[in-house]
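This is upload-v8.pdb. It holds PDB, C-alpha atoms.
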```
ATOM      1  CA  MET B1352      13.582  10.203 -17.467  1.00  0.00           C
ATOM      2  CA  PHE B1353      11.669   8.210 -14.904  1.00  0.00           C
ATOM      3  CA  PRO B1354       8.064   8.282 -13.684  1.00  0.00           C
ATOM      4  CA  TYR B1355       7.437  10.597 -10.754  1.00  0.00           C
ATOM      5  CA  LYS B1356       6.457   8.821  -7.517  1.00  0.00           C
ATOM      6  CA  TYR B1357       2.896  10.174  -7.593  1.00  0.00           C
ATOM      7  CA  ASP B1358       2.436   9.836 -11.372  1.00  0.00           C
ATOM      8  CA  ARG B1359      -1.036   8.318 -11.624  1.00  0.00           C
ATOM      9  CA  ARG B1360      -2.158   7.690 -15.177  1.00  0.00           C
ATOM     10  CA  HIS B1361      -5.719   7.006 -14.081  1.00  0.00           C
ATOM     11  CA  ASP B1362      -7.467   8.752 -11.196  1.00  0.00           C
ATOM     12  CA  LEU B1363     -11.247   8.378 -11.121  1.00  0.00           C
ATOM     13  CA  SER B1364     -13.901   9.104  -8.493  1.00  0.00           C
ATOM     14  CA  VAL B1365     -17.631   8.480  -8.830  1.00  0.00           C
ATOM     15  CA  ALA B1366     -20.102   9.647  -6.196  1.00  0.00           C
ATOM     16  CA  VAL B1367     -23.853   9.043  -6.033  1.00  0.00           C
ATOM     17  CA  VAL B1368     -26.185  10.632  -3.463  1.00  0.00           C
ATOM     18  CA  HIS B1369     -29.815   9.559  -3.398  1.00  0.00           C
ATOM     19  CA  HIS B1370     -32.504  11.218  -1.302  1.00  0.00           C
ATOM     20  CA  TRP B1371     -34.324   8.001  -0.561  1.00  0.00           C
ATOM     21  CA  LYS B1372     -37.007   9.435   1.680  1.00  0.00           C
ATOM     22  CA  GLU B1373     -37.614  12.887   3.069  1.00  0.00           C
ATOM     23  CA  ARG B1374     -35.387  12.227   6.085  1.00  0.00           C
ATOM     24  CA  ILE B1375     -33.017   9.539   4.715  1.00  0.00           C
ATOM     25  CA  ASP B1376     -30.079  10.014   2.336  1.00  0.00           C
ATOM     26  CA  VAL B1377     -28.027   7.143   0.906  1.00  0.00           C
ATOM     27  CA  SER B1378     -24.662   7.758  -0.736  1.00  0.00           C
ATOM     28  CA  PHE B1379     -21.937   5.733  -2.445  1.00  0.00           C
ATOM     29  CA  ALA B1380     -18.442   6.792  -3.521  1.00  0.00           C
ATOM     30  CA  TRP B1381     -16.082   4.669  -5.616  1.00  0.00           C
ATOM     31  CA  VAL B1382     -12.427   5.674  -5.984  1.00  0.00           C
ATOM     32  CA  PHE B1383      -9.872   4.233  -8.438  1.00  0.00           C
ATOM     33  CA  GLY B1384      -6.238   5.164  -9.006  1.00  0.00           C
ATOM     34  CA  THR B1385      -3.233   3.710 -10.780  1.00  0.00           C
ATOM     35  CA  GLY B1386      -0.636   2.297  -8.390  1.00  0.00           C
ATOM     36  CA  ASN B1387       2.300   4.437  -7.284  1.00  0.00           C
ATOM     37  CA  ALA B1388       5.665   4.058  -9.000  1.00  0.00           C
ATOM     38  CA  ILE B1389       8.369   2.734  -6.666  1.00  0.00           C
ATOM     39  CA  THR B1390      11.960   1.530  -6.836  1.00  0.00           C
ATOM     40  CA  LEU B1391      12.652  -2.038  -5.706  1.00  0.00           C
ATOM     41  CA  PRO B1392      15.941  -3.949  -5.704  1.00  0.00           C
ATOM     42  CA  GLN B1393      16.183  -6.306  -8.672  1.00  0.00           C
ATOM     43  CA  THR B1394      19.307  -8.242  -7.639  1.00  0.00           C
ATOM     44  CA  ILE B1395      21.084  -8.898  -4.354  1.00  0.00           C
ATOM     45  CA  TYR B1396      24.835  -9.602  -4.313  1.00  0.00           C
ATOM     46  CA  ALA B1397      27.096 -10.718  -1.486  1.00  0.00           C
ATOM     47  CA  GLY B1398      29.590  -7.965  -0.742  1.00  0.00           C
ATOM     48  CA  GLU B1399      33.327  -8.493  -0.499  1.00  0.00           C
ATOM     49  CA  GLU B1400      34.906  -9.377   2.802  1.00  0.00           C
ATOM     50  CA  THR B1401      37.485  -6.668   2.222  1.00  0.00           C
ATOM     51  CA  SER B1402      34.864  -3.921   2.070  1.00  0.00           C
ATOM     52  CA  ASN B1403      34.910  -1.064   4.569  1.00  0.00           C
ATOM     53  CA  TYR B1404      31.723  -2.341   6.200  1.00  0.00           C
ATOM     54  CA  TYR B1405      33.173  -5.799   6.796  1.00  0.00           C
ATOM     55  CA  ASN B1406      36.400  -4.322   8.210  1.00  0.00           C
ATOM     56  CA  ALA B1407      34.437  -1.964  10.474  1.00  0.00           C
ATOM     57  CA  TYR B1408      32.398  -4.856  11.903  1.00  0.00           C
ATOM     58  CA  PRO B1409      34.769  -7.855  11.952  1.00  0.00           C
ATOM     59  CA  THR B1410      32.501  -9.797  14.301  1.00  0.00           C
ATOM     60  CA  SER B1411      29.777 -10.129  11.654  1.00  0.00           C
ATOM     61  CA  PHE B1412      29.771 -13.630  10.206  1.00  0.00           C
ATOM     62  CA  TYR B1413      28.367 -12.749   6.795  1.00  0.00           C
ATOM     63  CA  PRO B1414      29.675 -10.160   4.343  1.00  0.00           C
ATOM     64  CA  PRO B1415      27.280  -7.272   3.648  1.00  0.00           C
ATOM     65  CA  GLU B1416      24.656  -7.520   0.939  1.00  0.00           C
ATOM     66  CA  LEU B1417      24.692  -5.131  -1.995  1.00  0.00           C
ATOM     67  CA  TYR B1418      21.486  -4.215  -3.825  1.00  0.00           C
ATOM     68  CA  ASP B1419      21.121  -3.425  -7.527  1.00  0.00           C
ATOM     69  CA  TYR B1420      18.045  -1.249  -7.924  1.00  0.00           C
ATOM     70  CA  GLY B1421      18.017  -0.849 -11.694  1.00  0.00           C
ATOM     71  CA  ALA B1422      15.983   1.997 -13.160  1.00  0.00           C
ATOM     72  CA  ARG B1423      14.344   4.482 -10.781  1.00  0.00           C
ATOM     73  CA  ASN B1424      10.591   4.000 -10.152  1.00  0.00           C
ATOM     74  CA  SER B1425      10.522   1.069 -12.586  1.00  0.00           C
ATOM     75  CA  TYR B1426       7.865  -0.902 -10.679  1.00  0.00           C
ATOM     76  CA  ARG B1427       4.178  -0.045 -10.136  1.00  0.00           C
ATOM     77  CA  MET B1428       2.244  -1.118  -7.115  1.00  0.00           C
ATOM     78  CA  LYS B1429      -1.218  -2.610  -7.569  1.00  0.00           C
ATOM     79  CA  SER B1430      -4.057  -0.250  -8.446  1.00  0.00           C
ATOM     80  CA  TYR B1431      -5.951   1.383  -5.609  1.00  0.00           C
ATOM     81  CA  HIS B1432      -9.734   1.194  -5.459  1.00  0.00           C
ATOM     82  CA  ARG B1433     -12.451   1.125  -2.828  1.00  0.00           C
ATOM     83  CA  LEU B1434     -16.194   1.640  -2.350  1.00  0.00           C
ATOM     84  CA  ASP B1435     -17.538   3.766   0.490  1.00  0.00           C
ATOM     85  CA  ALA B1436     -21.220   3.703   1.455  1.00  0.00           C
ATOM     86  CA  SER B1437     -23.241   5.734   3.944  1.00  0.00           C
ATOM     87  CA  ILE B1438     -26.771   6.320   5.116  1.00  0.00           C
ATOM     88  CA  ALA B1439     -27.837   9.531   6.897  1.00  0.00           C
ATOM     89  CA  PHE B1440     -30.946   9.954   9.046  1.00  0.00           C
ATOM     90  CA  LYS B1441     -31.971  13.608   9.263  1.00  0.00           C
ATOM     91  CA  LYS B1442     -34.370  15.375  11.575  1.00  0.00           C
ATOM     92  CA  LYS B1443     -35.386  19.007  11.781  1.00  0.00           C
ATOM     93  CA  THR B1444     -35.006  20.655  15.172  1.00  0.00           C
ATOM     94  CA  ARG B1445     -35.807  24.102  16.526  1.00  0.00           C
ATOM     95  CA  TRP B1446     -32.189  25.191  15.920  1.00  0.00           C
ATOM     96  CA  GLY B1447     -31.640  23.636  12.479  1.00  0.00           C
ATOM     97  CA  GLU B1448     -31.149  20.065  11.350  1.00  0.00           C
ATOM     98  CA  ARG B1449     -29.624  17.036  13.072  1.00  0.00           C
ATOM     99  CA  ALA B1450     -28.173  14.076  11.184  1.00  0.00           C
ATOM    100  CA  TRP B1451     -27.016  10.646  12.297  1.00  0.00           C
ATOM    101  CA  THR B1452     -24.737   9.045   9.712  1.00  0.00           C
ATOM    102  CA  VAL B1453     -23.588   5.426   9.463  1.00  0.00           C
ATOM    103  CA  ALA B1454     -20.773   4.855   6.986  1.00  0.00           C
ATOM    104  CA  VAL B1455     -18.690   1.944   5.718  1.00  0.00           C
ATOM    105  CA  TYR B1456     -15.202   2.669   4.405  1.00  0.00           C
ATOM    106  CA  ASN B1457     -13.828   0.175   1.828  1.00  0.00           C
ATOM    107  CA  ALA B1458     -17.037  -1.860   1.742  1.00  0.00           C
ATOM    108  CA  TYR B1459     -15.593  -4.837  -0.155  1.00  0.00           C
ATOM    109  CA  SER B1460     -12.396  -5.024   1.963  1.00  0.00           C
ATOM    110  CA  ARG B1461      -9.892  -4.481  -0.832  1.00  0.00           C
ATOM    111  CA  LYS B1462      -6.301  -4.888   0.395  1.00  0.00           C
ATOM    112  CA  ASN B1463      -4.911  -1.712  -1.149  1.00  0.00           C
ATOM    113  CA  PRO B1464      -1.117  -1.402  -1.030  1.00  0.00           C
ATOM    114  CA  PHE B1465       0.351   1.110   1.407  1.00  0.00           C
ATOM    115  CA  TYR B1466       4.032   0.283   0.875  1.00  0.00           C
ATOM    116  CA  ILE B1467       6.293  -2.648  -0.115  1.00  0.00           C
ATOM    117  CA  TYR B1468       9.448  -3.785   1.660  1.00  0.00           C
ATOM    118  CA  LEU B1469      12.072  -6.526   1.227  1.00  0.00           C
ATOM    119  CA  ASP B1470      11.885  -9.202   3.920  1.00  0.00           C
ATOM    120  CA  GLN B1471      14.746 -11.642   4.322  1.00  0.00           C
ATOM    121  CA  GLY B1472      13.615 -14.761   6.119  1.00  0.00           C
ATOM    122  CA  TYR B1473      16.016 -17.378   7.493  1.00  0.00           C
ATOM    123  CA  SER B1474      15.286 -21.103   7.174  1.00  0.00           C
ATOM    124  CA  TYR B1475      16.509 -23.069  10.181  1.00  0.00           C
ATOM    125  CA  LEU B1476      16.047 -26.343   8.288  1.00  0.00           C
ATOM    126  CA  ASN B1477      18.710 -25.786   5.642  1.00  0.00           C
ATOM    127  CA  GLY B1478      20.406 -22.597   6.885  1.00  0.00           C
ATOM    128  CA  SER B1479      19.476 -20.498   3.850  1.00  0.00           C
ATOM    129  CA  THR B1480      17.884 -17.091   3.517  1.00  0.00           C
ATOM    130  CA  ARG B1481      15.048 -16.254   1.173  1.00  0.00           C
ATOM    131  CA  SER B1482      14.233 -12.720   0.149  1.00  0.00           C
ATOM    132  CA  THR B1483      10.598 -11.861  -0.511  1.00  0.00           C
ATOM    133  CA  PHE B1484       8.798  -8.617  -1.141  1.00  0.00           C
ATOM    134  CA  LYS B1485       5.936  -7.977   1.269  1.00  0.00           C
ATOM    135  CA  GLN B1486       3.074  -5.586   0.706  1.00  0.00           C
ATOM    136  CA  VAL B1487       1.704  -3.729   3.702  1.00  0.00           C
ATOM    137  CA  GLN B1488      -1.935  -2.685   3.834  1.00  0.00           C
ATOM    138  CA  SER B1489      -3.599  -0.630   6.521  1.00  0.00           C
ATOM    139  CA  PHE B1490      -4.199  -3.634   8.782  1.00  0.00           C
ATOM    140  CA  SER B1491      -2.119  -6.546   7.418  1.00  0.00           C
ATOM    141  CA  TYR B1492       0.584  -7.553   4.957  1.00  0.00           C
ATOM    142  CA  HIS B1493       0.751  -9.859   1.934  1.00  0.00           C
ATOM    143  CA  SER B1494       3.762 -11.645   0.397  1.00  0.00           C
ATOM    144  CA  PHE B1495       3.770 -11.579  -3.385  1.00  0.00           C
ATOM    145  CA  TYR B1496       7.171 -12.939  -4.542  1.00  0.00           C
TER
END
```

Spell out the structure here as structure tokens.
Amino acid sequence: MFPYKYDRRHDLSVAVVHHWKERIDVSFAWVFGTGNAITLPQTIYAGEETSNYYNAYPTSFYPPELYDYGARNSYRMKSYHRLDASIAFKKKTRWGERAWTVAVYNAYSRKNPFYIYLDQGYSYLNGSTRSTFKQVQSFSYHSFY
């Protein structure tokens, strides 16, 4: 058996709403969850030059790479957590109530993982390649191997 992709051992949400004044509400929400289980390659091998891929593309200089993934969903991404905050200004009108809300999503700018991919960079100095796993967030990425 293997862990399901969305198997989250811990999933916690805490929300606090405070009626600060008659017309002002302040709220905070903190969310935490265990990282998703994913499958990453553990070893990379150079394929044989006699493989079908190499014969189909004889102009390629390098033989194809073969990946050994090991056990399915054997790696967990980092835990996910964030803090959201908002303040709402309310006013009664003839037709009901009007509210202006200002909110901050992920107030402490946590770089929560969105997905991870294998990047193979080439070094022009010594002609070698280096494989690294890169983590992609909503707005940027981070190398961690």

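Minimum atom-to-atom distances from B:Arg1374, B:Arg1461, B:His1361, B:Arg1449 to Asp1435 (chain B) were compared using all atoms listed in the file, and the lowest value belongs to B:Arg1461.
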
> Which one of B:Leu1469, B:Arg1360, B:Arg1423, B:Thr1385 sits closest to Arg1481 (chain B) if you count only C-alpha atoms?
Replying inline: B:Leu1469

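Nearest residue to Thr1480 (chain B) among B:Ala1458, B:Ile1395, B:Gly1447, B:Asn1387 is B:Ile1395, counting all atoms listed in the file.
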
> Counting only C-alpha atoms, what is within 7 Å of Leu1363 (chain B), bar same-chain residues fewer than 2 positions away, as a list in words?
Replying inline: His1361, Val1365, Val1382, Phe1383 and Gly1384 of chain B

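CA of Pro1464 (chain B) lies 11.8 Å from CA of Ala1388 (chain B).
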
> Just so the selection is clear, what residues does the PyMOL selection byres ((chain B and resi 1372) around 12) cover here, as number ranges by chain?
Replying inline: B: 1369-1371, 1373-1377, 1438-1442

Show me, as a PDB file with C-alpha atoms, keeping the file's coordinate frame, the residues that have an atom within 7 Å of Asp1419 (chain B) when counting only C-alpha atoms, minus same-chain residues fewer than 5 positions from it.
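Output (part25.pdb):
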```pdb
ATOM      1  CA  PRO B1392      15.941  -3.949  -5.704  1.00  0.00           C
ATOM      2  CA  GLN B1393      16.183  -6.306  -8.672  1.00  0.00           C
ATOM      3  CA  THR B1394      19.307  -8.242  -7.639  1.00  0.00           C
ATOM      4  CA  ILE B1395      21.084  -8.898  -4.354  1.00  0.00           C
TER       5      ILE B1395
END
```

> What does the distance between CA of Trp1451 (chain B) and CA of Leu1434 (chain B) come to in Å, to one decimal place?
Replying inline: 20.3 Å

Could you expand the PyMOL selection byres ((chain B and resi 1482) around 6) into the explicit residues it covers here, written as a PDB file with C-alpha atoms, in the frame of the given file?
```pdb
ATOM      1  CA  ASP B1470      11.885  -9.202   3.920  1.00  0.00           C
ATOM      2  CA  GLN B1471      14.746 -11.642   4.322  1.00  0.00           C
ATOM      3  CA  ARG B1481      15.048 -16.254   1.173  1.00  0.00           C
ATOM      4  CA  THR B1483      10.598 -11.861  -0.511  1.00  0.00           C
TER       5      THR B1483
END
```

Return as a PDB file with C-alpha atoms, in the coordinates of the input the set of residues that the PyMOL selection byres ((chain B and resi 1466) around 6) yields on the displayed structure.
```pdb
ATOM      1  CA  PRO B1464      -1.117  -1.402  -1.030  1.00  0.00           C
ATOM      2  CA  PHE B1465       0.351   1.110   1.407  1.00  0.00           C
ATOM      3  CA  ILE B1467       6.293  -2.648  -0.115  1.00  0.00           C
ATOM      4  CA  GLN B1486       3.074  -5.586   0.706  1.00  0.00           C
ATOM      5  CA  VAL B1487       1.704  -3.729   3.702  1.00  0.00           C
TER       6      VAL B1487
END
```

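When CA of Ala1397 (chain B) is paired with CA of Tyr1468 (chain B), their separation reads 19.2 Å.
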